[in-house]
>>> print(open('model.cif').read())   # mmCIF, C-alpha atoms
data_target
#
loop_
_atom_site.label_atom_id
_atom_site.label_comp_id
_atom_site.auth_asym_id
_atom_site.auth_seq_id
_atom_site.Cartn_x
_atom_site.Cartn_y
_atom_site.Cartn_z
CA MET A 11 -25.43 -1.02 24.73
CA GLU A 12 -25.47 1.18 21.63
CA ALA A 13 -21.70 1.70 21.84
CA SER A 14 -21.22 -2.06 22.18
CA ASN A 15 -23.33 -2.70 19.09
CA LYS A 16 -21.35 -0.15 17.09
CA SER A 17 -18.11 -1.80 18.18
CA GLN A 18 -19.41 -5.20 17.09
CA VAL A 19 -20.35 -3.81 13.69
CA MET A 20 -16.93 -2.20 13.21
CA LEU A 21 -15.09 -5.39 14.24
CA ARG A 22 -17.42 -8.03 12.79
CA ALA A 23 -14.71 -9.55 10.55
CA PHE A 24 -12.87 -10.70 13.71
CA SER A 25 -15.55 -13.36 14.19
CA SER A 26 -13.47 -15.42 11.74
CA ARG A 27 -10.56 -17.27 13.38
CA ASN A 28 -8.57 -17.29 10.15
CA PHE A 29 -8.95 -13.53 9.78
CA ARG A 30 -7.82 -13.00 13.39
CA LEU A 31 -4.68 -15.06 12.74
CA TYR A 32 -3.97 -13.32 9.47
CA TYR A 33 -4.53 -9.90 11.01
CA THR A 34 -2.28 -10.60 14.00
CA GLY A 35 0.60 -11.93 11.90
CA GLN A 36 0.36 -9.01 9.50
CA ALA A 37 0.21 -6.51 12.39
CA ILE A 38 3.65 -7.57 13.60
CA SER A 39 5.22 -7.98 10.17
CA LEU A 40 3.98 -4.68 8.74
CA ILE A 41 5.47 -2.72 11.62
CA GLY A 42 8.82 -4.32 10.84
CA THR A 43 8.44 -3.50 7.15
CA SER A 44 7.64 0.17 7.82
CA MET A 45 10.66 0.39 10.14
CA THR A 46 12.88 -0.89 7.33
CA GLN A 47 11.45 1.63 4.86
CA VAL A 48 12.28 4.56 7.15
CA ALA A 49 15.69 3.15 8.09
CA THR A 50 16.59 2.55 4.44
CA SER A 51 15.62 6.07 3.32
CA TRP A 52 17.54 7.69 6.15
CA LEU A 53 20.58 5.45 5.60
CA VAL A 54 20.69 6.25 1.87
CA TYR A 55 20.47 9.98 2.48
CA ARG A 56 23.14 9.78 5.20
CA LEU A 57 25.48 7.85 2.90
CA THR A 58 24.96 9.95 -0.23
CA ASP A 59 23.38 13.30 0.71
CA SER A 60 21.71 13.06 -2.72
CA ALA A 61 18.03 13.61 -3.57
CA TRP A 62 18.59 11.83 -6.89
CA LEU A 63 19.95 8.64 -5.30
CA LEU A 64 17.21 8.77 -2.68
CA GLY A 65 14.65 8.65 -5.48
CA LEU A 66 16.62 6.03 -7.40
CA VAL A 67 16.65 3.60 -4.46
CA GLY A 68 12.88 3.90 -4.11
CA PHE A 69 12.46 3.38 -7.84
CA ALA A 70 14.77 0.34 -7.92
CA SER A 71 12.88 -1.43 -5.14
CA GLN A 72 9.49 -0.91 -6.82
CA ILE A 73 10.14 -1.29 -10.55
CA PRO A 74 10.53 -5.11 -10.39
CA THR A 75 7.12 -5.27 -8.73
CA LEU A 76 5.66 -3.17 -11.54
CA LEU A 77 7.14 -5.38 -14.26
CA LEU A 78 6.41 -8.77 -12.69
CA ILE A 79 3.12 -8.22 -10.88
CA PRO A 80 0.94 -9.31 -13.83
CA LEU A 81 2.70 -12.69 -13.63
CA GLY A 82 2.21 -12.65 -9.86
CA GLY A 83 -1.52 -12.11 -10.32
CA ILE A 84 -1.80 -15.02 -12.76
CA ILE A 85 0.07 -17.33 -10.38
CA ALA A 86 -2.14 -16.19 -7.49
CA ASP A 87 -5.18 -17.33 -9.49
CA ARG A 88 -3.71 -20.67 -10.59
CA TRP A 89 -1.73 -21.87 -7.55
CA ASN A 90 -2.43 -22.31 -3.86
CA ARG A 91 -2.36 -18.79 -2.41
CA HIS A 92 -1.61 -20.04 1.09
CA GLN A 93 1.56 -21.79 -0.09
CA ILE A 94 2.65 -18.81 -2.22
CA LEU A 95 2.42 -16.56 0.85
CA LEU A 96 4.50 -18.96 2.96
CA ILE A 97 7.26 -19.06 0.34
CA ALA A 98 7.20 -15.27 -0.08
CA GLN A 99 7.53 -14.68 3.68
CA ILE A 100 10.52 -17.03 3.94
CA LEU A 101 12.28 -15.33 1.02
CA GLY A 102 11.47 -11.90 2.44
CA MET A 103 12.99 -12.88 5.77
CA LEU A 104 16.20 -14.02 4.08
CA GLN A 105 16.44 -10.74 2.16
CA SER A 106 15.97 -8.77 5.38
CA LEU A 107 18.64 -10.84 7.15
CA ALA A 108 21.12 -10.02 4.37
CA LEU A 109 20.38 -6.32 4.81
CA THR A 110 20.82 -6.71 8.57
CA TRP A 111 24.19 -8.43 8.25
CA LEU A 112 25.60 -5.76 5.93
CA ALA A 113 24.34 -2.89 8.11
CA LEU A 114 25.55 -4.31 11.43
CA ASN A 115 28.97 -5.10 9.96
CA GLY A 116 29.33 -1.53 8.71
CA THR A 117 30.08 -2.64 5.15
CA ILE A 118 26.85 -1.56 3.51
CA ASN A 119 26.82 0.82 0.56
CA VAL A 120 24.10 2.32 -1.62
CA TRP A 121 24.50 -0.18 -4.45
CA GLN A 122 24.03 -3.11 -2.09
CA ILE A 123 20.85 -1.42 -0.86
CA VAL A 124 19.67 -1.05 -4.47
CA LEU A 125 20.41 -4.72 -5.21
CA LEU A 126 18.57 -5.97 -2.13
CA GLY A 127 15.74 -3.57 -2.90
CA VAL A 128 15.38 -5.11 -6.37
CA LEU A 129 15.24 -8.56 -4.76
CA GLN A 130 12.52 -7.43 -2.38
CA GLY A 131 10.64 -5.92 -5.30
CA ILE A 132 10.65 -9.28 -7.08
CA ILE A 133 9.29 -11.00 -3.96
CA ASN A 134 6.61 -8.34 -3.58
CA ALA A 135 5.44 -8.93 -7.16
CA PHE A 136 4.18 -12.34 -6.08
CA ASP A 137 3.40 -11.59 -2.44
CA ILE A 138 1.21 -8.48 -2.79
CA PRO A 139 -1.43 -9.70 -5.27
CA THR A 140 -1.56 -13.06 -3.51
CA ARG A 141 -1.96 -11.41 -0.10
CA GLN A 142 -4.86 -9.25 -1.27
CA ALA A 143 -6.51 -12.09 -3.21
CA PHE A 144 -6.08 -14.36 -0.16
CA LEU A 145 -7.95 -12.00 2.17
CA PRO A 146 -11.45 -13.15 1.03
CA GLU A 147 -10.47 -16.74 1.93
CA THR A 148 -10.14 -15.73 5.58
CA VAL A 149 -13.58 -14.16 6.04
CA SER A 150 -17.18 -14.53 4.86
CA LYS A 151 -18.32 -12.49 1.86
CA GLU A 152 -20.74 -10.35 3.89
CA ASN A 153 -17.84 -9.24 6.11
CA LEU A 154 -15.38 -8.69 3.26
CA GLY A 155 -15.84 -4.92 3.12
CA ASN A 156 -15.29 -4.66 6.86
CA ALA A 157 -12.23 -6.94 6.66
CA THR A 158 -10.75 -4.80 3.89
CA ALA A 159 -11.24 -1.62 5.91
CA LEU A 160 -9.79 -3.24 9.04
CA TYR A 161 -6.77 -4.50 7.12
CA SER A 162 -6.19 -1.10 5.54
CA SER A 163 -6.43 0.47 9.00
CA LEU A 164 -3.84 -2.05 10.17
CA VAL A 165 -1.49 -0.91 7.42
CA SER A 166 -2.03 2.65 8.64
CA VAL A 167 -1.26 1.70 12.25
CA SER A 168 1.93 -0.07 11.19
CA LEU A 169 2.99 2.99 9.21
CA MET A 170 2.32 5.09 12.29
CA VAL A 171 4.06 2.91 14.88
CA GLY A 172 6.94 1.64 12.73
CA PRO A 173 8.42 5.02 11.72
CA ALA A 174 8.18 6.35 15.28
CA ILE A 175 10.10 3.33 16.60
CA ALA A 176 12.55 3.50 13.71
CA GLY A 177 13.30 7.18 14.33
CA LEU A 178 14.20 6.48 17.96
CA LEU A 179 16.30 3.40 17.12
CA ILE A 180 18.19 5.11 14.28
CA ALA A 181 19.07 8.04 16.53
CA ALA A 182 20.19 5.70 19.33
CA VAL A 183 21.95 2.77 17.62
CA GLY A 184 21.63 3.13 13.84
CA SER A 185 19.61 1.44 11.07
CA GLY A 186 20.91 -2.10 11.60
CA LEU A 187 18.63 -2.90 14.54
CA CYS A 188 15.58 -1.84 12.51
CA PHE A 189 16.54 -4.34 9.81
CA LEU A 190 17.06 -7.06 12.42
CA LEU A 191 13.63 -6.52 14.00
CA ASP A 192 12.05 -6.62 10.55
CA SER A 193 13.72 -9.98 9.89
CA ILE A 194 12.29 -11.38 13.12
CA SER A 195 8.79 -10.01 12.38
CA TYR A 196 8.40 -12.32 9.38
CA ILE A 197 8.17 -15.24 11.78
CA ALA A 198 4.80 -13.95 13.05
CA VAL A 199 3.23 -14.20 9.58
CA ILE A 200 4.67 -17.65 8.98
CA ILE A 201 3.27 -18.94 12.28
CA ALA A 202 -0.14 -17.37 11.59
CA LEU A 203 -0.35 -18.91 8.11
CA LEU A 204 0.59 -22.36 9.43
CA ALA A 205 -2.06 -22.14 12.17
CA MET A 206 -4.98 -21.45 9.80
CA ASN A 207 -7.71 -23.97 9.02
CA LEU A 208 -8.66 -23.30 5.42
CA ASP A 209 -11.25 -24.94 3.20
CA PRO A 210 -9.54 -26.85 0.40
CA LYS A 211 -9.69 -24.98 -2.89
CA LYS A 212 -9.40 -26.58 -6.28
CA ALA A 213 -6.70 -25.26 -8.56
CA VAL A 214 -8.06 -23.14 -11.38
CA ILE A 215 -7.54 -24.94 -14.68
CA SER A 216 -7.37 -22.55 -17.60
CA THR A 217 -7.08 -23.48 -21.25
CA ARG A 218 -5.86 -20.01 -22.10
CA LYS A 219 -2.20 -19.07 -22.10
CA PRO A 220 -0.97 -16.63 -19.43
CA LEU A 221 -0.68 -13.78 -21.95
CA GLU A 222 -4.26 -14.41 -23.09
CA ASN A 223 -5.42 -14.31 -19.47
CA LEU A 224 -3.54 -11.08 -18.92
CA LYS A 225 -5.03 -9.51 -22.05
CA ALA A 226 -8.54 -10.53 -20.97
CA SER A 227 -7.95 -9.01 -17.53
CA PHE A 228 -6.74 -5.75 -19.08
CA ASN A 229 -9.79 -5.60 -21.35
CA TYR A 230 -12.15 -6.26 -18.45
CA ALA A 231 -10.48 -3.84 -16.06
CA PHE A 232 -10.17 -0.92 -18.47
CA GLY A 233 -13.48 -1.57 -20.19
CA PHE A 234 -15.54 -1.09 -17.01
CA LEU A 235 -15.64 2.49 -15.76
CA PRO A 236 -15.64 1.85 -11.97
CA ILE A 237 -12.56 -0.40 -12.13
CA ARG A 238 -10.82 1.86 -14.65
CA SER A 239 -11.43 4.82 -12.36
CA VAL A 240 -10.01 2.93 -9.38
CA LEU A 241 -6.84 2.05 -11.30
CA ILE A 242 -6.28 5.58 -12.60
CA GLY A 243 -7.09 7.18 -9.25
CA SER A 244 -4.77 4.79 -7.42
CA ALA A 245 -1.94 5.49 -9.87
CA LEU A 246 -2.35 9.24 -9.48
CA ALA A 247 -2.50 9.04 -5.69
CA SER A 248 0.49 6.74 -5.41
CA CYS A 249 2.64 8.81 -7.77
CA VAL A 250 2.16 12.00 -5.75
CA TRP A 251 2.43 10.16 -2.44
CA GLY A 252 5.72 8.81 -3.77
CA PHE A 253 6.96 12.41 -4.05
CA TYR A 254 6.46 12.91 -0.32
CA LEU A 255 7.89 9.53 0.69
CA ALA A 256 11.00 9.92 -1.46
CA LEU A 257 11.76 13.46 -0.26
CA GLY A 258 10.77 13.00 3.40
CA PRO A 259 14.36 12.86 4.72
CA ILE A 260 15.15 16.14 2.94
CA PHE A 261 12.16 17.91 4.47
CA ALA A 262 13.13 16.59 7.92
CA LYS A 263 16.82 17.48 7.73
CA GLU A 264 17.10 20.52 5.45
CA ILE A 265 13.77 22.32 5.79
CA LEU A 266 12.71 21.54 9.35
CA GLN A 267 16.31 21.32 10.62
CA GLY A 268 15.73 17.99 12.35
CA GLY A 269 17.14 14.47 12.42
CA PRO A 270 15.87 10.88 12.18
CA ASN A 271 13.38 11.55 15.00
CA THR A 272 11.85 14.37 12.96
CA PHE A 273 11.58 12.12 9.92
CA GLY A 274 9.96 9.42 12.03
CA PHE A 275 7.40 11.85 13.43
CA LEU A 276 6.51 13.11 9.94
CA MET A 277 5.90 9.54 8.78
CA THR A 278 3.91 8.84 11.92
CA ALA A 279 1.69 11.90 11.38
CA SER A 280 0.73 10.84 7.85
CA SER A 281 0.08 7.31 9.09
CA LEU A 282 -2.10 8.59 11.92
CA GLY A 283 -4.18 10.35 9.27
CA THR A 284 -4.55 7.12 7.29
CA LEU A 285 -5.59 5.35 10.50
CA ALA A 286 -8.29 7.95 11.12
CA GLY A 287 -9.52 7.54 7.56
CA GLY A 288 -9.59 3.77 7.94
CA ILE A 289 -11.63 3.95 11.13
CA TYR A 290 -14.01 6.41 9.47
CA LEU A 291 -14.62 4.06 6.54
CA THR A 292 -15.32 1.02 8.75
CA LYS A 293 -18.57 2.83 9.61
CA HIS A 294 -19.27 4.17 6.11
CA SER A 295 -18.97 1.26 3.70
CA ASN A 296 -21.62 2.06 1.04
CA VAL A 297 -19.94 0.80 -2.11
CA LEU A 298 -22.16 3.01 -4.30
CA GLU A 299 -20.45 6.07 -2.81
CA SER A 300 -16.95 4.82 -3.66
CA GLY A 301 -16.59 7.20 -6.60
CA LYS A 302 -17.27 10.20 -4.40
CA VAL A 303 -14.86 8.93 -1.75
CA LEU A 304 -12.15 8.44 -4.37
CA ALA A 305 -12.50 11.96 -5.73
CA LEU A 306 -12.73 13.69 -2.35
CA GLY A 307 -9.76 11.75 -1.04
CA ILE A 308 -7.60 12.85 -3.96
CA GLY A 309 -8.55 16.53 -3.64
CA PHE A 310 -8.21 16.59 0.15
CA MET A 311 -4.75 15.07 0.01
CA GLY A 312 -3.60 17.45 -2.72
CA ILE A 313 -4.44 20.58 -0.73
CA SER A 314 -2.83 19.18 2.42
CA LEU A 315 0.41 18.36 0.61
CA ILE A 316 0.65 21.92 -0.71
CA VAL A 317 0.37 23.20 2.86
CA PHE A 318 3.09 20.74 3.90
CA ALA A 319 5.40 21.88 1.12
CA LEU A 320 4.99 25.53 2.13
CA SER A 321 5.36 24.92 5.87
CA ARG A 322 8.49 25.81 7.80
CA VAL A 323 6.94 25.04 11.20
CA PHE A 324 7.13 21.52 12.61
CA TRP A 325 3.63 21.37 14.10
CA LEU A 326 2.02 22.67 10.89
CA SER A 327 3.93 20.08 8.88
CA LEU A 328 2.62 17.37 11.20
CA LEU A 329 -1.00 18.57 10.92
CA SER A 330 -0.86 18.87 7.14
CA LEU A 331 0.56 15.36 6.78
CA LEU A 332 -2.12 14.01 9.11
CA ALA A 333 -4.76 15.53 6.80
CA ALA A 334 -2.94 14.27 3.70
CA GLY A 335 -2.86 10.75 5.10
CA PHE A 336 -6.60 10.91 5.76
CA GLY A 337 -7.28 11.88 2.15
CA PHE A 338 -4.88 9.28 0.78
CA ILE A 339 -6.47 6.36 2.61
CA LEU A 340 -10.02 7.34 1.62
CA GLN A 341 -9.37 6.49 -2.01
CA ILE A 342 -7.12 3.51 -1.20
CA ILE A 343 -9.69 1.71 0.98
CA ALA A 344 -12.60 2.61 -1.27
CA GLY A 345 -10.69 1.33 -4.29
CA ARG A 346 -9.63 -1.94 -2.70
CA THR A 347 -13.10 -2.67 -1.35
CA LEU A 348 -14.65 -1.91 -4.72
CA LEU A 349 -12.32 -4.26 -6.56
CA GLN A 350 -12.85 -7.11 -4.11
CA LEU A 351 -16.63 -6.83 -4.42
CA LEU A 352 -16.71 -6.55 -8.21
CA VAL A 353 -14.30 -9.24 -9.37
CA THR A 354 -14.84 -13.01 -9.33
CA ASP A 355 -12.57 -15.41 -7.50
CA GLU A 356 -11.29 -16.76 -10.84
CA ASN A 357 -9.75 -13.43 -11.84
CA ARG A 358 -9.34 -11.82 -8.43
CA GLY A 359 -5.57 -12.26 -8.38
CA GLN A 360 -5.11 -10.83 -11.87
CA ILE A 361 -7.31 -7.76 -11.32
CA THR A 362 -5.70 -7.23 -7.93
CA GLY A 363 -2.35 -7.53 -9.67
CA LEU A 364 -3.33 -4.79 -12.11
CA TYR A 365 -4.39 -2.60 -9.19
CA VAL A 366 -1.09 -3.15 -7.40
CA MET A 367 0.74 -2.69 -10.70
CA ALA A 368 -0.88 0.72 -11.15
CA SER A 369 -0.16 1.88 -7.61
CA THR A 370 3.31 0.34 -7.30
CA GLY A 371 4.36 1.53 -10.72
CA ALA A 372 3.20 5.02 -9.86
CA PHE A 373 5.14 4.88 -6.57
CA ALA A 374 8.27 3.88 -8.47
CA ILE A 375 7.82 6.57 -11.10
CA GLY A 376 6.95 9.11 -8.40
CA ASN A 377 10.16 8.29 -6.53
CA LEU A 378 12.27 8.69 -9.65
CA ILE A 379 10.58 11.90 -10.79
CA ALA A 380 10.78 13.36 -7.28
CA GLY A 381 14.52 12.75 -7.05
CA ALA A 382 15.16 14.24 -10.48
CA LEU A 383 12.90 17.28 -10.01
CA ALA A 384 14.06 18.03 -6.47
CA SER A 385 17.67 18.30 -7.65
CA LYS A 386 16.53 20.91 -10.21
CA ILE A 387 13.65 22.90 -8.67
CA GLY A 388 13.87 21.96 -4.97
CA SER A 389 11.86 19.60 -2.78
CA ASN A 390 9.15 22.15 -1.95
CA ASN A 391 8.36 23.00 -5.56
CA THR A 392 8.39 19.32 -6.51
CA VAL A 393 5.72 18.44 -3.95
CA ILE A 394 3.64 21.50 -4.87
CA LEU A 395 3.73 20.53 -8.54
CA GLY A 396 2.68 16.97 -7.81
CA ALA A 397 -0.11 18.07 -5.47
CA SER A 398 -1.45 20.49 -8.08
CA ILE A 399 -1.70 17.67 -10.62
CA TYR A 400 -3.41 15.63 -7.92
CA ILE A 401 -6.09 18.32 -7.45
CA ALA A 402 -6.69 18.49 -11.21
CA GLY A 403 -7.28 14.73 -11.12
CA SER A 404 -9.84 15.21 -8.36
CA ILE A 405 -11.81 17.61 -10.54
CA PHE A 406 -11.88 15.02 -13.33
CA PHE A 407 -13.16 12.29 -11.03
CA MET A 408 -15.84 14.53 -9.53
CA GLN A 409 -17.24 14.97 -13.05
CA GLN A 410 -17.44 11.19 -13.49
CA ILE A 411 -19.25 10.38 -10.23
CA SER A 412 -22.81 10.14 -11.53
CA THR A 413 -21.81 7.82 -14.40
CA PHE A 414 -19.61 5.85 -12.03
CA ARG A 415 -22.46 5.27 -9.56
CA ASN A 416 -25.02 4.28 -12.22
CA LEU A 417 -22.74 1.72 -13.87
CA LEU A 418 -21.73 0.28 -10.52
CA ARG A 419 -25.37 -0.10 -9.44
CA LEU A 420 -26.20 -1.87 -12.70
CA ASN A 421 -23.22 -4.22 -12.34
CA LEU A 422 -24.14 -5.14 -8.75
CA ARG A 423 -27.72 -5.91 -9.80
CA THR A 424 -26.44 -8.16 -12.58
CA GLU A 425 -24.19 -10.03 -10.13
CA ARG A 426 -27.12 -10.65 -7.76
CA ALA A 427 -29.53 -11.78 -10.49
#
>>> encode(input="model.cif", output="structure tokens")
Amino acid sequence: MEASNKSQVMLRAFSSRNFRLYYTGQAISLIGTSMTQVATSWLVYRLTDSAWLLGLVGFASQIPTLLLIPLGGIIADRWNRHQILLIAQILGMLQSLALTWLALNGTINVWQIVLLGVLQGIINAFDIPTRQAFLPETVSKENLGNATALYSSLVSVSLMVGPAIAGLLIAAVGSGLCFLLDSISYIAVIIALLAMNLDPKKAVISTRKPLENLKASFNYAFGFLPIRSVLIGSALASCVWGFYLALGPIFAKEILQGGPNTFGFLMTASSLGTLAGGIYLTKHSNVLESGKVLALGIGFMGISLIVFALSRVFWLSLLSLLAAGFGFILQIIAGRTLLQLLVTDENRGQITGLYVMASTGAFAIGNLIAGALASKIGSNNTVILGASIYIAGSIFFMQQISTFRNLLRLNLRTERA
């Protein structure tokens, strides 16, 4: 009976039909997306054998998201989020089909990958803030924290399953089939969105110009310590995580003397760690402890990445990435939950956009820096350097925890009054 009650608490967001549909569609689509990420990285490294171009491709696919996501957040607050998501999924499917056609015909080159990556980055600039701002529309407010943790765990599962499947498929038949399966997976999200029964929402009418809205969102986000800490912590985490993601194929092939299967297993190990962290946080959702979770997650991941960079043994690399993934997801879930609970529906898309802008921009910069540094000082030293900066950031956040908690408690009391 006790186990059953715990299970009901952990899965309480599934009582909403709309959330079940959204979750199911995303489960299928995210696996396809993670397969494409692995297949693209391996394909670029196979075509170029260049750490610099490997980083450049990651940067090119993320920089449009960084530049356009403030606009995406504004649109998510002013337009129908359900319709925006439908359009984004259709465009994403077309982009994936183009990648599939080029790969299966054997005519693909690195510059075509960059161009299609830029296109996907533009789509993501509107899709990501809308997707995160749409989540509260699928579930009641009291179950929002649980829904956020469950969704983040889903992302972790997709990043665990997708790379493992991709590694096997790349070794057997090449990257093209991964791209094809990703194209098909978009259909699941489209069907799920069309099947939802949503309460009609009035469009937000604002007398302020978009730039004025954006300025107000910046002032609010960076003027309130908890949200500012989330944005900075997310940027730091994503930048260093981008080092590992960009250089993963090099570690698999050159350092561990493996192939696409090895790369897939490394990605799976880190994703298994994020899954464990997500499950852990579904049972520990005290928002007042978010500052501590953010800081500990950063420090834990930093140490684990140093171990990974120094490892020459496959099983140790797997274990260190599992631990790194656990630390990474602690601050990601805590940050997302905190933002969703603090912001109002009127500016949810814009603040979410700033959060995604910070993390995506840091990923892009991390990819570019990783490629440049690795060509000069080596992949191992690059990851060690990034992880060391990560640990220094953890020390800073640990010093801010008491102030963080007090301001957050005061803000929550004001919201309830």
>>> residues_around(input="model.cif", residues="segment 320-332 of chain A", least_positions_apart="4", cutoff="10 Å", atoms="all atoms listed in the file", output="PyMOL selection string")
chain A and resi 254+261-262+265-268+272+275-287+311+313-316+336-338+390-391+393-394
>>> write_last_selection(input="model.cif", atoms="C-alpha atoms", output="CSV table (one decimal), in the coordinates of the input")
chain,number,residue,atom,x,y,z
A,254,TYR,CA,6.5,12.9,-0.3
A,261,PHE,CA,12.2,17.9,4.5
A,262,ALA,CA,13.1,16.6,7.9
A,265,ILE,CA,13.8,22.3,5.8
A,266,LEU,CA,12.7,21.5,9.4
A,267,GLN,CA,16.3,21.3,10.6
A,268,GLY,CA,15.7,18.0,12.4
A,272,THR,CA,11.8,14.4,13.0
A,275,PHE,CA,7.4,11.8,13.4
A,276,LEU,CA,6.5,13.1,9.9
A,277,MET,CA,5.9,9.5,8.8
A,278,THR,CA,3.9,8.8,11.9
A,279,ALA,CA,1.7,11.9,11.4
A,280,SER,CA,0.7,10.8,7.8
A,281,SER,CA,0.1,7.3,9.1
A,282,LEU,CA,-2.1,8.6,11.9
A,283,GLY,CA,-4.2,10.4,9.3
A,284,THR,CA,-4.6,7.1,7.3
A,285,LEU,CA,-5.6,5.4,10.5
A,286,ALA,CA,-8.3,8.0,11.1
A,287,GLY,CA,-9.5,7.5,7.6
A,311,MET,CA,-4.8,15.1,0.0
A,313,ILE,CA,-4.4,20.6,-0.7
A,314,SER,CA,-2.8,19.2,2.4
A,315,LEU,CA,0.4,18.4,0.6
A,316,ILE,CA,0.6,21.9,-0.7
A,336,PHE,CA,-6.6,10.9,5.8
A,337,GLY,CA,-7.3,11.9,2.2
A,338,PHE,CA,-4.9,9.3,0.8
A,390,ASN,CA,9.2,22.2,-2.0
A,391,ASN,CA,8.4,23.0,-5.6
A,393,VAL,CA,5.7,18.4,-4.0
A,394,ILE,CA,3.6,21.5,-4.9
>>> closest_residue(input="model.cif", among="A:Ala319, A:Ile138, A:Ile289, A:Val67", to="Ile79 of chain A", atoms="only C-alpha atoms")
A:Ile138
>>> resolve_selection(input="model.cif", expression="the PyMOL selection byres ((chain A and resi 246-249) around 8)", output="PyMOL selection string")
chain A and resi 242-245+250-253+308+338+369-370+372-377+400+403
>>> resolve_selection(input="model.cif", expression="the PyMOL selection byres ((chain A and resi 116) around 12)", output="MDAnalysis selection string")
chainID A and resid 53 57 109:115 117:119 184:186
>>> atom_distance(input="model.cif", atom1="atom CA of Ala37 of chain A", atom2="atom CA of Gly131 of chain A")
20.5 Å
>>> atom_distance(input="model.cif", atom1="atom CA of Pro173 of chain A", atom2="atom CA of Leu255 of chain A")
11.9 Å
>>> atom_distance(input="model.cif", atom1="atom CA of Phe24 of chain A", atom2="atom CA of Ala98 of chain A")
24.8 Å
>>> closest_residue(input="model.cif", among="A:Thr58, A:Thr140, A:Asn271, A:Thr46", to="Ile94 of chain A", atoms="only C-alpha atoms")
A:Thr140
>>> residues_near_point(input="model.cif", point="(23.2, 9.9, 4.7)", cutoff="12 Å", atoms="all atoms listed in the file", output="count of residues only")
25
>>> residues_around(input="model.cif", residues="Val128 of chain A", least_positions_apart="3", cutoff="8 Å", atoms="all atoms listed in the file", output="PDB file with C-alpha atoms, keeping the file's coordinate frame")
ATOM      1  CA  ALA A  70      14.770   0.340  -7.920  1.00  0.00           C
ATOM      2  CA  SER A  71      12.880  -1.430  -5.140  1.00  0.00           C
ATOM      3  CA  GLN A  72       9.490  -0.910  -6.820  1.00  0.00           C
ATOM      4  CA  ILE A  73      10.140  -1.290 -10.550  1.00  0.00           C
ATOM      5  CA  PRO A  74      10.530  -5.110 -10.390  1.00  0.00           C
ATOM      6  CA  VAL A 124      19.670  -1.050  -4.470  1.00  0.00           C
ATOM      7  CA  LEU A 125      20.410  -4.720  -5.210  1.00  0.00           C
ATOM      8  CA  GLY A 131      10.640  -5.920  -5.300  1.00  0.00           C
ATOM      9  CA  ILE A 132      10.650  -9.280  -7.080  1.00  0.00           C
TER      10      ILE A 132
END
>>> closest_residue(input="model.cif", among="A:Ala205, A:Ala384, A:Val366, A:Leu154", to="Asn28 of chain A", atoms="all atoms listed in the file")
A:Ala205
>>> residues_around(input="model.cif", residues="Gly82 of chain A", least_positions_apart="6", cutoff="12 Å", atoms="all atoms listed in the file", output="PyMOL selection string")
chain A and resi 74-76+88-89+91+94-95+98+131-143+220+224+358-364+366-367
>>> resolve_selection(input="model.cif", expression="the PyMOL selection byres ((chain A and resi 197) around 10)", output="number ranges by chain")
A: 35, 38-39, 99-100, 103, 192-196, 198-203
>>> axis_aligned_box(input="model.cif", around="segment 330-340 of chain A", padding_each_side="5 Å", output="AutoDock Vina command-line options")
--center_x -4.7 --center_y 12.6 --center_z 4.9 --size_x 20.6 --size_y 22.5 --size_z 18.3
>>> residues_around(input="model.cif", residues="Gly288 of chain A", least_positions_apart="3", cutoff="9 Å", atoms="only C-alpha atoms", output="PDB file with C-alpha atoms, in the frame of the given file")
ATOM      1  CA  ALA A 159     -11.240  -1.620   5.910  1.00  0.00           C
ATOM      2  CA  LEU A 160      -9.790  -3.240   9.040  1.00  0.00           C
ATOM      3  CA  TYR A 161      -6.770  -4.500   7.120  1.00  0.00           C
ATOM      4  CA  SER A 162      -6.190  -1.100   5.540  1.00  0.00           C
ATOM      5  CA  SER A 163      -6.430   0.470   9.000  1.00  0.00           C
ATOM      6  CA  LEU A 164      -3.840  -2.050  10.170  1.00  0.00           C
ATOM      7  CA  SER A 166      -2.030   2.650   8.640  1.00  0.00           C
ATOM      8  CA  GLY A 283      -4.180  10.350   9.270  1.00  0.00           C
ATOM      9  CA  THR A 284      -4.550   7.120   7.290  1.00  0.00           C
ATOM     10  CA  LEU A 285      -5.590   5.350  10.500  1.00  0.00           C
ATOM     11  CA  LEU A 291     -14.620   4.060   6.540  1.00  0.00           C
ATOM     12  CA  THR A 292     -15.320   1.020   8.750  1.00  0.00           C
ATOM     13  CA  PHE A 336      -6.600  10.910   5.760  1.00  0.00           C
ATOM     14  CA  ILE A 339      -6.470   6.360   2.610  1.00  0.00           C
ATOM     15  CA  LEU A 340     -10.020   7.340   1.620  1.00  0.00           C
ATOM     16  CA  ILE A 343      -9.690   1.710   0.980  1.00  0.00           C
TER      17      ILE A 343
END
>>> closest_residue(input="model.cif", among="A:Ala256, A:Ile405, A:Met45, A:Leu191", to="Gly309 of chain A", atoms="all atoms listed in the file")
A:Ile405
>>> closest_residue(input="model.cif", among="A:Ala108, A:Ala382, A:Leu31, A:Val240", to="Gln122 of chain A", atoms="all atoms listed in the file")
A:Ala108
>>> closest_residue(input="model.cif", among="A:Tyr33, A:Trp62, A:Tyr230, A:Phe144", to="Leu208 of chain A", atoms="all atoms listed in the file")
A:Phe144
